[in-house]
$ cat run-v4.txt   # compact mmCIF, C-alpha atoms
# COMPACT_ATOMS: atom_id res chain seq x y z
CA MET A 1163 282.28 305.18 306.89
CA LYS A 1164 279.97 302.21 306.37
CA ARG A 1165 282.19 300.94 303.57
CA THR A 1166 285.29 301.03 305.78
CA THR A 1167 283.48 299.08 308.49
CA ILE A 1168 282.45 296.31 306.13
CA LYS A 1169 285.95 296.10 304.71
CA VAL A 1170 287.59 295.71 308.10
CA TYR A 1171 285.18 293.08 309.30
CA ARG A 1172 286.03 291.16 306.14
CA ASP A 1173 289.73 291.55 306.90
CA ILE A 1174 289.20 290.16 310.37
CA LEU A 1175 287.27 287.19 309.01
CA GLU A 1176 289.98 286.57 306.41
CA ALA A 1177 292.71 286.70 309.04
CA ASP A 1178 290.68 284.39 311.27
CA GLY A 1179 290.19 282.08 308.30
CA GLN A 1180 293.95 281.78 307.90
CA TRP A 1181 294.35 280.83 311.57
CA ALA A 1182 291.51 278.32 311.23
CA GLU A 1183 293.28 276.79 308.24
CA GLN A 1184 296.51 276.50 310.23
CA THR A 1185 294.58 274.80 313.03
CA ARG A 1186 293.17 272.27 310.58
CA GLU A 1187 296.69 271.52 309.31
CA LEU A 1188 298.01 271.23 312.87
CA ALA A 1189 295.18 268.89 313.88
CA ALA A 1190 295.64 266.72 310.77
CA ALA A 1191 299.40 266.47 311.31
CA HIS A 1192 298.91 265.27 314.88
CA HIS A 1193 295.78 263.14 314.24
CA VAL A 1194 293.74 265.06 316.78
CA ALA A 1195 290.12 266.21 316.51
CA VAL A 1196 288.96 269.65 317.68
CA LEU A 1197 285.37 270.14 318.86
CA ASN A 1198 283.90 273.60 319.57
CA LEU A 1199 281.19 273.63 322.29
CA ILE A 1200 278.87 276.63 321.93
CA GLY A 1201 275.89 277.59 324.08
CA ALA A 1202 274.37 280.34 326.21
CA PRO A 1203 275.79 281.22 329.64
CA GLY A 1204 274.49 278.61 332.07
CA ALA A 1205 273.52 276.11 329.38
CA GLY A 1206 275.62 273.55 331.23
CA LYS A 1207 278.70 273.33 329.01
CA THR A 1208 281.19 272.89 331.86
CA ARG A 1209 278.92 270.40 333.62
CA LEU A 1210 278.66 268.45 330.35
CA LEU A 1211 282.46 268.43 330.07
CA GLU A 1212 282.76 267.17 333.65
CA ALA A 1213 280.39 264.29 332.92
CA THR A 1214 281.98 263.62 329.54
CA ALA A 1215 285.51 263.55 330.95
CA SER A 1216 284.77 260.78 333.44
CA ARG A 1217 283.18 258.64 330.71
CA LEU A 1218 285.94 259.16 328.12
CA GLU A 1219 288.63 257.65 330.38
CA GLY A 1220 290.19 254.69 328.56
CA ARG A 1221 288.28 255.39 325.33
CA LEU A 1222 289.82 258.65 324.09
CA ARG A 1223 292.77 260.79 325.19
CA PHE A 1224 291.52 264.35 325.56
CA ALA A 1225 292.23 267.86 326.79
CA VAL A 1226 289.98 270.89 327.29
CA LEU A 1227 290.46 274.51 326.23
CA GLU A 1228 288.28 276.76 328.38
CA GLY A 1229 287.19 280.12 326.93
CA ASP A 1230 285.99 282.79 329.35
CA VAL A 1231 285.56 286.53 329.36
CA GLU A 1232 287.33 287.11 332.66
CA THR A 1233 287.67 284.28 335.18
CA THR A 1234 289.36 280.88 335.42
CA ARG A 1235 286.44 279.31 337.33
CA ASP A 1236 285.51 276.72 334.71
CA ALA A 1237 289.11 275.61 334.20
CA GLU A 1238 289.47 275.21 337.97
CA ARG A 1239 286.35 273.01 338.08
CA LEU A 1240 287.78 270.68 335.42
CA HIS A 1241 291.30 270.76 336.86
CA ALA A 1242 289.86 269.62 340.20
CA LEU A 1243 288.60 266.48 338.40
CA GLY A 1244 292.04 265.79 336.94
CA VAL A 1245 291.09 266.89 333.42
CA PRO A 1246 294.01 268.39 331.43
CA VAL A 1247 292.75 271.93 330.84
CA SER A 1248 294.06 275.28 329.58
CA GLN A 1249 292.25 278.56 330.12
CA ILE A 1250 291.84 281.27 327.50
CA ILE A 1251 290.73 284.64 328.87
CA THR A 1252 289.23 286.76 326.09
CA GLY A 1253 289.48 289.97 328.12
CA GLY A 1254 285.93 291.03 327.34
CA ALA A 1255 285.59 289.56 323.86
CA CYS A 1256 282.37 287.65 323.29
CA HIS A 1257 283.90 284.65 321.52
CA LEU A 1258 287.18 282.79 321.03
CA SER A 1259 289.17 283.94 318.01
CA ALA A 1260 290.72 281.39 315.68
CA GLN A 1261 294.13 282.86 316.49
CA VAL A 1262 293.92 282.44 320.27
CA VAL A 1263 292.62 278.88 319.89
CA HIS A 1264 295.48 278.07 317.53
CA THR A 1265 298.05 279.51 319.94
CA ALA A 1266 296.61 277.52 322.86
CA LEU A 1267 296.50 274.31 320.78
CA ARG A 1268 300.19 274.70 319.91
CA ASP A 1269 301.01 274.56 323.63
CA LEU A 1270 299.35 271.16 324.09
CA ALA A 1271 301.10 267.79 323.70
CA LEU A 1272 298.92 267.02 320.67
CA ASP A 1273 300.63 263.71 319.87
CA GLN A 1274 299.31 262.37 323.15
CA LEU A 1275 295.71 263.40 322.44
CA ASP A 1276 292.80 262.17 320.32
CA VAL A 1277 290.53 265.16 320.85
CA VAL A 1278 290.60 268.72 322.19
CA LEU A 1279 287.24 269.91 323.52
CA VAL A 1280 287.01 273.71 323.25
CA GLU A 1281 284.43 275.37 325.51
CA ASN A 1282 283.63 278.70 323.88
CA VAL A 1283 282.47 281.83 325.73
CA GLY A 1284 278.84 281.53 326.88
CA ASN A 1285 277.05 283.08 323.92
CA LEU A 1286 274.52 281.62 321.49
CA VAL A 1287 275.15 284.23 318.79
CA CYS A 1288 278.72 285.36 318.12
CA PRO A 1289 280.77 282.12 318.42
CA ALA A 1290 278.45 280.50 315.85
CA GLU A 1291 279.68 282.95 313.20
CA LEU A 1292 283.32 282.01 313.50
CA ASP A 1293 285.33 279.12 312.07
CA ILE A 1294 288.12 278.29 314.54
CA GLY A 1295 289.32 275.32 312.49
CA GLU A 1296 287.18 272.84 314.44
CA HIS A 1297 286.01 269.50 313.07
CA ALA A 1298 282.55 270.14 314.48
CA LYS A 1299 280.59 272.75 316.37
CA VAL A 1300 278.58 271.23 319.23
CA ALA A 1301 275.44 273.22 320.13
CA VAL A 1302 274.69 272.99 323.85
CA LEU A 1303 271.14 273.99 324.78
CA SER A 1304 269.44 273.52 328.15
CA VAL A 1305 265.76 272.69 328.50
CA THR A 1306 265.38 275.62 330.92
CA GLU A 1307 266.00 278.05 328.03
CA GLY A 1308 262.73 277.15 326.30
CA GLU A 1309 261.97 275.07 323.23
CA ASP A 1310 261.99 277.99 320.78
CA LYS A 1311 265.72 278.80 320.89
CA PRO A 1312 266.67 276.86 317.70
CA ALA A 1313 264.12 279.01 315.83
CA LYS A 1314 265.22 282.27 317.46
CA TYR A 1315 268.99 281.72 317.16
CA PRO A 1316 269.15 279.57 314.03
CA LEU A 1317 272.74 280.25 312.92
CA LEU A 1318 274.30 277.99 315.56
CA PHE A 1319 271.90 275.19 314.71
CA ARG A 1320 272.70 275.58 311.01
CA GLN A 1321 276.45 275.41 311.70
CA ALA A 1322 276.48 272.65 314.32
CA LYS A 1323 277.04 268.96 313.67
CA VAL A 1324 275.18 267.91 316.82
CA VAL A 1325 272.94 269.31 319.57
CA VAL A 1326 273.32 268.34 323.22
CA LEU A 1327 270.08 269.16 325.06
CA THR A 1328 271.06 269.38 328.74
CA LYS A 1329 269.30 269.46 332.14
CA THR A 1330 266.57 266.99 331.14
CA ASP A 1331 266.24 266.10 334.86
CA LEU A 1332 264.35 269.42 335.20
CA LEU A 1333 261.71 268.54 332.56
CA PRO A 1334 259.06 267.48 335.14
CA HIS A 1335 259.18 271.03 336.57
CA LEU A 1336 259.00 272.90 333.25
CA THR A 1337 256.46 273.45 330.47
CA PHE A 1338 259.23 272.67 327.94
CA ASP A 1339 257.78 270.93 324.85
CA LEU A 1340 260.47 268.44 323.74
CA PRO A 1341 258.81 267.32 320.45
CA GLN A 1342 258.29 271.00 319.53
CA CYS A 1343 261.96 271.75 320.29
CA LEU A 1344 263.07 268.85 318.09
CA ALA A 1345 260.73 270.14 315.35
CA TYR A 1346 262.37 273.60 315.55
CA VAL A 1347 265.81 271.99 315.27
CA ARG A 1348 264.69 269.99 312.20
CA GLN A 1349 263.24 273.14 310.57
CA VAL A 1350 266.65 274.77 310.75
CA ASN A 1351 268.78 271.69 310.06
CA SER A 1352 266.94 268.51 309.21
CA GLN A 1353 269.96 266.19 309.59
CA LEU A 1354 271.12 267.37 313.01
CA PRO A 1355 271.30 264.67 315.71
CA VAL A 1356 269.99 265.77 319.12
CA PHE A 1357 271.07 264.10 322.38
CA PRO A 1358 268.82 264.95 325.32
CA LEU A 1359 270.71 264.18 328.52
CA SER A 1360 271.24 264.98 332.17
CA PRO A 1361 274.67 264.99 333.80
CA VAL A 1362 272.80 264.93 337.15
CA THR A 1363 271.01 261.60 336.58
CA GLY A 1364 273.29 260.26 333.85
CA ASP A 1365 270.34 259.72 331.50
CA GLY A 1366 271.28 260.00 327.83
CA LEU A 1367 275.01 260.34 328.41
CA ASP A 1368 275.95 257.02 326.77
CA ALA A 1369 274.44 257.99 323.41
CA TRP A 1370 276.32 261.32 323.44
CA ILE A 1371 279.61 259.62 324.37
CA ASP A 1372 279.13 257.04 321.60
CA TRP A 1373 278.56 259.86 319.06
CA LEU A 1374 281.64 261.67 320.36
CA VAL A 1375 283.92 258.63 320.19
CA ARG A 1376 282.67 257.73 316.70
CA THR A 1377 283.08 261.30 315.42
CA VAL A 1378 286.59 261.69 316.84
CA ARG A 1379 287.75 258.32 315.46
CA ARG A 1380 286.40 259.24 312.03
CA ALA A 1381 288.09 262.66 312.17
CA VAL A 1382 291.52 261.42 313.18
CA THR A 1383 291.67 258.52 310.73
CA SER A 1384 290.42 260.41 307.67
CA MET B 777 296.04 295.74 310.48
CA LYS B 778 295.46 295.69 314.19
CA ARG B 779 295.58 299.48 314.33
CA THR B 780 292.93 299.81 311.60
CA THR B 781 290.66 297.41 313.47
CA ILE B 782 290.87 299.40 316.69
CA LYS B 783 290.24 302.62 314.79
CA VAL B 784 287.11 301.35 313.12
CA TYR B 785 285.68 299.88 316.31
CA ARG B 786 286.20 303.29 317.88
CA ASP B 787 284.39 304.92 314.93
CA ILE B 788 281.47 302.57 315.41
CA LEU B 789 281.31 303.33 319.11
CA GLU B 790 281.51 307.07 318.42
CA ALA B 791 278.73 306.88 315.86
CA ASP B 792 276.67 304.80 318.28
CA GLY B 793 277.39 307.35 321.00
CA GLN B 794 275.89 310.07 318.85
CA TRP B 795 272.72 308.05 318.32
CA ALA B 796 272.56 307.34 322.06
CA GLU B 797 272.84 311.07 322.75
CA GLN B 798 269.99 311.77 320.32
CA THR B 799 267.89 309.14 322.07
CA ARG B 800 268.53 310.82 325.42
CA GLU B 801 267.40 314.16 323.96
CA LEU B 802 264.33 312.57 322.40
CA ALA B 803 263.41 310.84 325.67
CA ALA B 804 263.89 314.04 327.68
CA ALA B 805 261.81 316.09 325.24
CA HIS B 806 258.91 313.64 325.54
CA HIS B 807 259.32 312.84 329.26
CA VAL B 808 259.71 309.15 328.60
CA ALA B 809 262.12 306.69 330.23
CA VAL B 810 263.98 304.02 328.26
CA LEU B 811 265.02 300.77 329.97
CA ASN B 812 267.32 298.22 328.31
CA LEU B 813 266.69 294.59 329.38
CA ILE B 814 269.76 292.41 328.88
CA GLY B 815 270.19 288.71 329.61
CA ALA B 816 271.15 285.35 328.12
CA PRO B 817 268.86 283.51 325.71
CA GLY B 818 266.15 281.83 327.78
CA ALA B 819 266.77 283.96 330.89
CA GLY B 820 263.07 284.81 330.86
CA LYS B 821 263.10 288.38 329.52
CA THR B 822 259.91 288.05 327.48
CA ARG B 823 258.15 286.19 330.30
CA LEU B 824 259.20 288.98 332.67
CA LEU B 825 257.78 291.58 330.27
CA GLU B 826 254.50 289.65 330.05
CA ALA B 827 254.17 289.61 333.84
CA THR B 828 255.32 293.24 334.12
CA ALA B 829 252.86 294.46 331.50
CA SER B 830 249.82 293.14 333.31
CA ARG B 831 250.93 294.78 336.56
CA LEU B 832 251.80 298.17 335.04
CA GLU B 833 248.25 298.75 333.77
CA GLY B 834 246.95 301.98 335.30
CA ARG B 835 250.32 302.84 336.86
CA LEU B 836 252.52 303.62 333.86
CA ARG B 837 251.91 303.98 330.13
CA PHE B 838 254.40 301.77 328.33
CA ALA B 839 255.50 300.19 325.08
CA VAL B 840 257.99 297.43 324.28
CA LEU B 841 260.75 297.30 321.65
CA GLU B 842 261.66 293.67 320.95
CA GLY B 843 265.15 292.92 319.66
CA ASP B 844 265.74 289.59 317.95
CA VAL B 845 268.25 288.08 315.57
CA GLU B 846 265.70 286.65 313.16
CA THR B 847 262.13 286.00 314.29
CA THR B 848 259.12 288.01 315.53
CA ARG B 849 258.12 285.35 318.08
CA ASP B 850 258.61 287.48 321.20
CA ALA B 851 256.75 290.46 319.74
CA GLU B 852 253.86 288.14 318.83
CA ARG B 853 253.73 286.83 322.42
CA LEU B 854 253.42 290.37 323.80
CA HIS B 855 251.05 291.52 321.06
CA ALA B 856 248.74 288.63 321.97
CA LEU B 857 248.49 290.15 325.46
CA GLY B 858 247.58 293.57 324.07
CA VAL B 859 250.99 295.09 324.83
CA PRO B 860 252.02 297.84 322.35
CA VAL B 861 255.15 296.31 320.82
CA SER B 862 257.51 296.91 317.90
CA GLN B 863 259.97 294.33 316.63
CA ILE B 864 263.56 295.05 315.64
CA ILE B 865 265.23 292.27 313.63
CA THR B 866 269.01 292.62 313.81
CA GLY B 867 269.56 290.27 310.85
CA GLY B 868 272.22 288.28 312.65
CA ALA B 869 273.75 291.01 314.81
CA CYS B 870 274.28 290.01 318.42
CA HIS B 871 272.93 293.23 319.99
CA LEU B 872 270.71 296.22 319.26
CA SER B 873 272.59 299.23 317.89
CA ALA B 874 271.89 302.69 319.27
CA GLN B 875 270.83 303.76 315.79
CA VAL B 876 268.18 301.10 315.26
CA VAL B 877 266.75 301.72 318.74
CA HIS B 878 266.60 305.45 318.03
CA THR B 879 264.82 304.87 314.71
CA ALA B 880 262.27 302.56 316.34
CA LEU B 881 261.68 305.01 319.21
CA ARG B 882 260.93 307.81 316.72
CA ASP B 883 258.06 305.72 315.33
CA LEU B 884 256.34 305.46 318.74
CA ALA B 885 253.75 307.95 320.06
CA LEU B 886 256.18 308.99 322.81
CA ASP B 887 253.93 311.70 324.25
CA GLN B 888 251.48 308.99 325.23
CA LEU B 889 254.12 306.90 327.04
CA ASP B 890 255.97 306.98 330.36
CA VAL B 891 258.44 304.22 329.59
CA VAL B 892 259.75 302.16 326.70
CA LEU B 893 261.02 298.72 327.72
CA VAL B 894 263.66 297.52 325.26
CA GLU B 895 264.30 293.75 325.21
CA ASN B 896 267.78 293.33 323.77
CA VAL B 897 269.01 290.27 321.86
CA GLY B 898 269.57 287.29 324.17
CA ASN B 899 273.25 287.75 325.00
CA LEU B 900 274.99 288.37 328.31
CA VAL B 901 278.15 289.83 326.74
CA CYS B 902 277.80 292.17 323.74
CA PRO B 903 274.73 294.29 324.63
CA ALA B 904 276.38 295.19 327.96
CA GLU B 905 279.12 297.03 326.06
CA LEU B 906 276.81 299.41 324.26
CA ASP B 907 275.10 302.63 325.35
CA ILE B 908 271.79 302.88 323.47
CA GLY B 909 270.80 306.06 325.31
CA GLU B 910 268.86 304.16 327.98
CA HIS B 911 268.16 305.49 331.48
CA ALA B 912 269.09 302.12 332.94
CA LYS B 913 270.29 298.70 331.90
CA VAL B 914 268.30 295.91 333.58
CA ALA B 915 270.27 292.66 334.01
CA VAL B 916 267.99 289.63 333.71
CA LEU B 917 269.49 286.42 335.11
CA SER B 918 267.70 283.12 335.71
CA VAL B 919 268.49 280.85 338.64
CA THR B 920 268.88 277.93 336.19
CA GLU B 921 272.03 279.57 334.79
CA GLY B 922 273.98 279.06 338.02
CA GLU B 923 275.04 281.43 340.78
CA ASP B 924 278.46 282.24 339.30
CA LYS B 925 277.32 284.21 336.24
CA PRO B 926 277.82 287.71 337.80
CA ALA B 927 281.47 286.74 338.44
CA LYS B 928 281.96 285.20 334.99
CA TYR B 929 280.24 287.95 332.97
CA PRO B 930 280.88 290.99 335.18
CA LEU B 931 280.54 293.78 332.62
CA LEU B 932 276.74 293.62 332.51
CA PHE B 933 276.56 293.66 336.31
CA ARG B 934 278.90 296.65 336.44
CA GLN B 935 276.77 298.56 333.91
CA ALA B 936 273.31 297.61 335.20
CA LYS B 937 271.19 299.63 337.62
CA VAL B 938 269.25 296.58 338.80
CA VAL B 939 269.24 292.77 338.57
CA VAL B 940 266.08 290.75 338.09
CA LEU B 941 266.72 287.15 339.16
CA THR B 942 264.06 285.07 337.43
CA LYS B 943 262.59 281.54 337.68
CA THR B 944 262.85 281.34 341.49
CA ASP B 945 259.99 278.80 341.39
CA LEU B 946 262.61 276.29 340.18
CA LEU B 947 264.91 276.80 343.21
CA PRO B 948 263.66 273.66 345.05
CA HIS B 949 264.87 271.56 342.09
CA LEU B 950 268.31 273.20 341.72
CA THR B 951 271.55 273.39 343.70
CA PHE B 952 271.57 277.17 343.07
CA ASP B 953 273.13 279.02 346.04
CA LEU B 954 271.18 282.30 346.32
CA PRO B 955 273.34 283.96 349.04
CA GLN B 956 276.45 283.09 347.01
CA CYS B 957 274.88 284.59 343.88
CA LEU B 958 274.08 287.81 345.76
CA ALA B 959 277.65 287.86 347.07
CA TYR B 960 279.00 287.60 343.51
CA VAL B 961 276.74 290.48 342.44
CA ARG B 962 277.99 292.61 345.37
CA GLN B 963 281.63 291.82 344.51
CA VAL B 964 281.09 293.30 341.06
CA ASN B 965 278.73 296.13 342.02
CA SER B 966 278.08 296.63 345.71
CA GLN B 967 275.11 299.01 345.25
CA LEU B 968 273.13 296.92 342.80
CA PRO B 969 269.58 296.00 343.91
CA VAL B 970 268.56 292.40 343.14
CA PHE B 971 264.92 291.32 342.78
CA PRO B 972 264.46 287.54 342.92
CA LEU B 973 261.07 286.72 341.41
CA SER B 974 258.95 284.19 339.57
CA PRO B 975 256.44 285.19 336.90
CA VAL B 976 254.98 281.67 337.32
CA THR B 977 254.03 282.05 341.01
CA GLY B 978 254.02 285.86 341.14
CA ASP B 979 256.48 285.83 344.06
CA GLY B 980 258.66 288.93 344.17
CA LEU B 981 256.95 290.75 341.31
CA ASP B 982 255.55 293.58 343.47
CA ALA B 983 259.01 294.71 344.63
CA TRP B 984 260.28 294.77 341.03
CA ILE B 985 257.23 296.73 339.83
CA ASP B 986 257.65 299.23 342.68
CA TRP B 987 261.32 299.76 341.69
CA LEU B 988 260.31 300.16 338.05
CA VAL B 989 257.56 302.71 338.75
CA ARG B 990 259.84 304.70 341.09
CA THR B 991 262.72 304.67 338.61
CA VAL B 992 260.56 305.73 335.67
CA ARG B 993 258.87 308.56 337.65
CA ARG B 994 262.29 309.83 338.75
CA ALA B 995 263.62 309.66 335.17
CA VAL B 996 260.71 311.50 333.55
CA THR B 997 260.44 314.28 336.12
CA SER B 998 264.16 315.04 336.39

$ encode --input "run-v4.txt" --output "structure tokens"
Amino acid sequence: MKRTTIKVYRDILEADGQWAEQTRELAAAHHVAVLNLIGAPGAGKTRLLEATASRLEGRLRFAVLEGDVETTRDAERLHALGVPVSQIITGGACHLSAQVVHTALRDLALDQLDVVLVENVGNLVCPAELDIGEHAKVAVLSVTEGEDKPAKYPLLFRQAKVVVLTKTDLLPHLTFDLPQCLAYVRQVNSQLPVFPLSPVTGDGLDAWIDWLVRTVRRAVTS
Amino acid sequence: MKRTTIKVYRDILEADGQWAEQTRELAAAHHVAVLNLIGAPGAGKTRLLEATASRLEGRLRFAVLEGDVETTRDAERLHALGVPVSQIITGGACHLSAQVVHTALRDLALDQLDVVLVENVGNLVCPAELDIGEHAKVAVLSVTEGEDKPAKYPLLFRQAKVVVLTKTDLLPHLTFDLPQCLAYVRQVNSQLPVFPLSPVTGDGLDAWIDWLVRTVRRAVTS
């Protein structure tokens, strides 16, 4: 039975790979970048998108794809701010599949967009394993989770092109060791840029937005 | 292909169910309870176990099974405190299988224990789906994750017998709405006890320990 299991997982990954490839072709044809935000539940992904949305106005045209297990809460939060947002309900699945992302992307007016920000299901493990055809995975980690998470869940930090370290406004109340956290990130992926920031105070947001704008422009003109 | 996929997932669940059943028989034969701690990365599961261990001395005989994707960090933390601990490395898998838990349990001196506390991989989604033969799933949620998590990730809160709400010492610095969080828990599972606590200040730990001791005594004498 073990052999069958391995075979089918491979089939799933192959099928997903084909959808990811179609997403890359779709994105290239419409000159739109796709970013895949991955982090634990409560890492602050939606809050980051709220803060990012208000700062992207006039710099990039964007939409959000919200991935959730059951509810539309996060999409409603962004919709309330006027952000163009679609919701994907996975119905229990722990990550967004390449197929469902592709289907949702096809429904967007891609010619009127520079970037689609995909918020994956809150999960530091499973979404990191999957290629959804994104230009970059964005690892979102909050300082309240502890500095050792890049060492304990290394796959995401190996796959990501950038780390956003959120909730830095809480640092005075925590024993979080920022230099140690950065050292753990470098151990796993020595080239990975890390942007510590707080959507509450606004600290650090400009550097993240600059990275985002630069990365999207490079993706859509290449 | 879809049909094959469903079939194999069912096979995996059936095989896991058999291991879970064997774990239940093993636990019953040795009068030992098995608790399965589930929560997001950084929810404070290991910190909770550290605080729990020191308070269980003289009340219950216990051991810990640590589940991690790659490292032995959490087991080392508990070992440093003198807690009997075994480490399970899942090698990338997002949850502990019933089989690996059963194998690890067999290596413990079960006759000298009242309870085995299993810390699952940091993940609010996948471990909730799986029966590892435990007496109870313990949902571990930190206040820094936001009050809406029971609504957004309801499966765990449907399956759990108790919620431990950690890091309450940080409440003065957050906008976390505790009554709203409790309301979300009740929407999903109206009978679920919730223990807000802080291992940092010690607040709330006694009530959790009392629940734990009562639950273990009931499990091992029934």

$ interface_residues --input "run-v4.txt" --of "chain A" --to "chain B" --cutoff "7 Å" --atoms "only C-alpha atoms" --output "PyMOL selection string"
chain A and resi 1167+1170+1202-1205+1231-1233+1256+1285+1287-1288+1306-1308+1314-1315

$ atom_distance --input "run-v4.txt" --atom1 "CA of Thr799 in chain B" --atom2 "CA of Leu941 in chain B"
27.9 Å

$ atom_distance --input "run-v4.txt" --atom1 "CA of Phe971 in chain B" --atom2 "CA of Gln888 in chain B"
28.3 Å

$ closest_residue --input "run-v4.txt" --among "B:Leu825, B:Leu884, B:Ala874, B:Thr997" --to "His855 in chain B" --atoms "only C-alpha atoms"
B:Leu825

$ atom_distance --input "run-v4.txt" --atom1 "CA of Arg853 in chain B" --atom2 "CA of Ile985 in chain B"
20.3 Å

$ residues_around --input "run-v4.txt" --residues "Asp986 in chain B" --least-positions-apart "4" --cutoff "12 Å" --atoms "all atoms listed in the file" --output "PyMOL selection string"
chain B and resi 828+831-832+835-836+971+980-982+990-993

$ axis_aligned_box --input "run-v4.txt" --around "range 1263-1281 of chain A" --padding-each-side "6 Å" --output "AutoDock Vina command-line options"
--center_x 292.8 --center_y 270.8 --center_z 321.5 --size_x 28.7 --size_y 29.3 --size_z 20.0

$ residues_around --input "run-v4.txt" --residues "range 963-965 of chain B" --least-positions-apart "2" --cutoff "9 Å" --atoms "all atoms listed in the file" --output "count of residues only"
14

$ residues_near_point --input "run-v4.txt" --point "(283.5, 269.7, 320.3)" --cutoff "7 Å" --atoms "all atoms listed in the file" --output "ChimeraX atom specification"
/A:1196-1199,1279-1280,1298-1300

$ residues_around --input "run-v4.txt" --residues "Gly858 in chain B" --least-positions-apart "6" --cutoff "10 Å" --atoms "only C-alpha atoms" --output "short mmCIF file (atom, residue, chain, number, x, y, z; two decimals) with C-alpha atoms, keeping the file's coordinate frame"
data_model
loop_
_atom_site.label_atom_id
_atom_site.label_comp_id
_atom_site.auth_asym_id
_atom_site.auth_seq_id
_atom_site.Cartn_x
_atom_site.Cartn_y
_atom_site.Cartn_z
CA GLU B 826 254.50 289.65 330.05
CA ALA B 829 252.86 294.46 331.50
CA SER B 830 249.82 293.14 333.31
CA GLU B 852 253.86 288.14 318.83
#

$ residues_around --input "run-v4.txt" --residues "Phe1224 in chain A" --least-positions-apart "4" --cutoff "8 Å" --atoms "all atoms listed in the file" --output "list in words"
Pro1246, Leu1275, Asp1276, Val1277, Val1278 and Leu1279 of chain A

$ closest_residue --input "run-v4.txt" --among "B:Ala796, B:Leu824, B:Val877, B:Val859" --to "Pro972 in chain B" --atoms "all atoms listed in the file"
B:Leu824

$ closest_residue --input "run-v4.txt" --among "A:Ile1200, A:Ala1271, A:Leu1292, A:Ala1237" --to "Lys1323 in chain A" --atoms "all atoms listed in the file"
A:Ile1200

$ residues_around --input "run-v4.txt" --residues "Asp887 in chain B" --least-positions-apart "4" --cutoff "8 Å" --atoms "only C-alpha atoms" --output "PyMOL selection string"
chain B and resi 806-808

$ decode --input "run-v4.txt" --residues "range 1267-1281 of chain A" --atoms "N, CA and C atoms" --output "PDB file, in the first residue's frame"
ATOM      1  N   LEU A1267      -7.752  33.215 -10.498  1.00  0.00           N
ATOM      2  CA  LEU A1267      -7.021  34.233 -11.266  1.00  0.00           C
ATOM      3  C   LEU A1267      -7.719  34.517 -12.599  1.00  0.00           C
ATOM      4  N   ARG A1268      -8.225  33.465 -13.222  1.00  0.00           N
ATOM      5  CA  ARG A1268      -8.886  33.607 -14.531  1.00  0.00           C
ATOM      6  C   ARG A1268     -10.107  34.520 -14.456  1.00  0.00           C
ATOM      7  N   ASP A1269     -10.698  34.603 -13.257  1.00  0.00           N
ATOM      8  CA  ASP A1269     -11.895  35.436 -13.083  1.00  0.00           C
ATOM      9  C   ASP A1269     -11.563  36.908 -12.839  1.00  0.00           C
ATOM     10  N   LEU A1270     -10.281  37.232 -12.674  1.00  0.00           N
ATOM     11  CA  LEU A1270      -9.904  38.626 -12.425  1.00  0.00           C
ATOM     12  C   LEU A1270      -9.646  39.353 -13.747  1.00  0.00           C
ATOM     13  N   ALA A1271      -9.812  40.679 -13.724  1.00  0.00           N
ATOM     14  CA  ALA A1271      -9.493  41.503 -14.901  1.00  0.00           C
ATOM     15  C   ALA A1271      -7.985  41.743 -14.898  1.00  0.00           C
ATOM     16  N   LEU A1272      -7.223  40.734 -15.307  1.00  0.00           N
ATOM     17  CA  LEU A1272      -5.763  40.756 -15.131  1.00  0.00           C
ATOM     18  C   LEU A1272      -5.092  41.890 -15.884  1.00  0.00           C
ATOM     19  N   ASP A1273      -5.686  42.323 -17.010  1.00  0.00           N
ATOM     20  CA  ASP A1273      -5.063  43.396 -17.781  1.00  0.00           C
ATOM     21  C   ASP A1273      -5.073  44.724 -17.042  1.00  0.00           C
ATOM     22  N   GLN A1274      -5.925  44.797 -16.027  1.00  0.00           N
ATOM     23  CA  GLN A1274      -5.992  46.029 -15.239  1.00  0.00           C
ATOM     24  C   GLN A1274      -5.213  45.934 -13.926  1.00  0.00           C
ATOM     25  N   LEU A1275      -4.364  44.900 -13.825  1.00  0.00           N
ATOM     26  CA  LEU A1275      -3.630  44.680 -12.573  1.00  0.00           C
ATOM     27  C   LEU A1275      -2.122  44.575 -12.833  1.00  0.00           C
ATOM     28  N   ASP A1276      -1.334  44.984 -11.815  1.00  0.00           N
ATOM     29  CA  ASP A1276       0.109  44.732 -11.837  1.00  0.00           C
ATOM     30  C   ASP A1276       0.477  43.525 -10.971  1.00  0.00           C
ATOM     31  N   VAL A1277      -0.292  43.314  -9.911  1.00  0.00           N
ATOM     32  CA  VAL A1277       0.059  42.228  -8.987  1.00  0.00           C
ATOM     33  C   VAL A1277      -1.198  41.661  -8.316  1.00  0.00           C
ATOM     34  N   VAL A1278      -1.193  40.344  -8.148  1.00  0.00           N
ATOM     35  CA  VAL A1278      -2.216  39.667  -7.342  1.00  0.00           C
ATOM     36  C   VAL A1278      -1.522  39.126  -6.095  1.00  0.00           C
ATOM     37  N   LEU A1279      -2.004  39.561  -4.933  1.00  0.00           N
ATOM     38  CA  LEU A1279      -1.465  39.107  -3.654  1.00  0.00           C
ATOM     39  C   LEU A1279      -2.350  37.973  -3.155  1.00  0.00           C
ATOM     40  N   VAL A1280      -1.786  36.775  -3.074  1.00  0.00           N
ATOM     41  CA  VAL A1280      -2.542  35.596  -2.630  1.00  0.00           C
ATOM     42  C   VAL A1280      -2.250  35.358  -1.154  1.00  0.00           C
ATOM     43  N   GLU A1281      -3.279  35.413  -0.304  1.00  0.00           N
ATOM     44  CA  GLU A1281      -3.084  35.054   1.108  1.00  0.00           C
ATOM     45  C   GLU A1281      -3.449  33.593   1.280  1.00  0.00           C
TER      46      GLU A1281
END
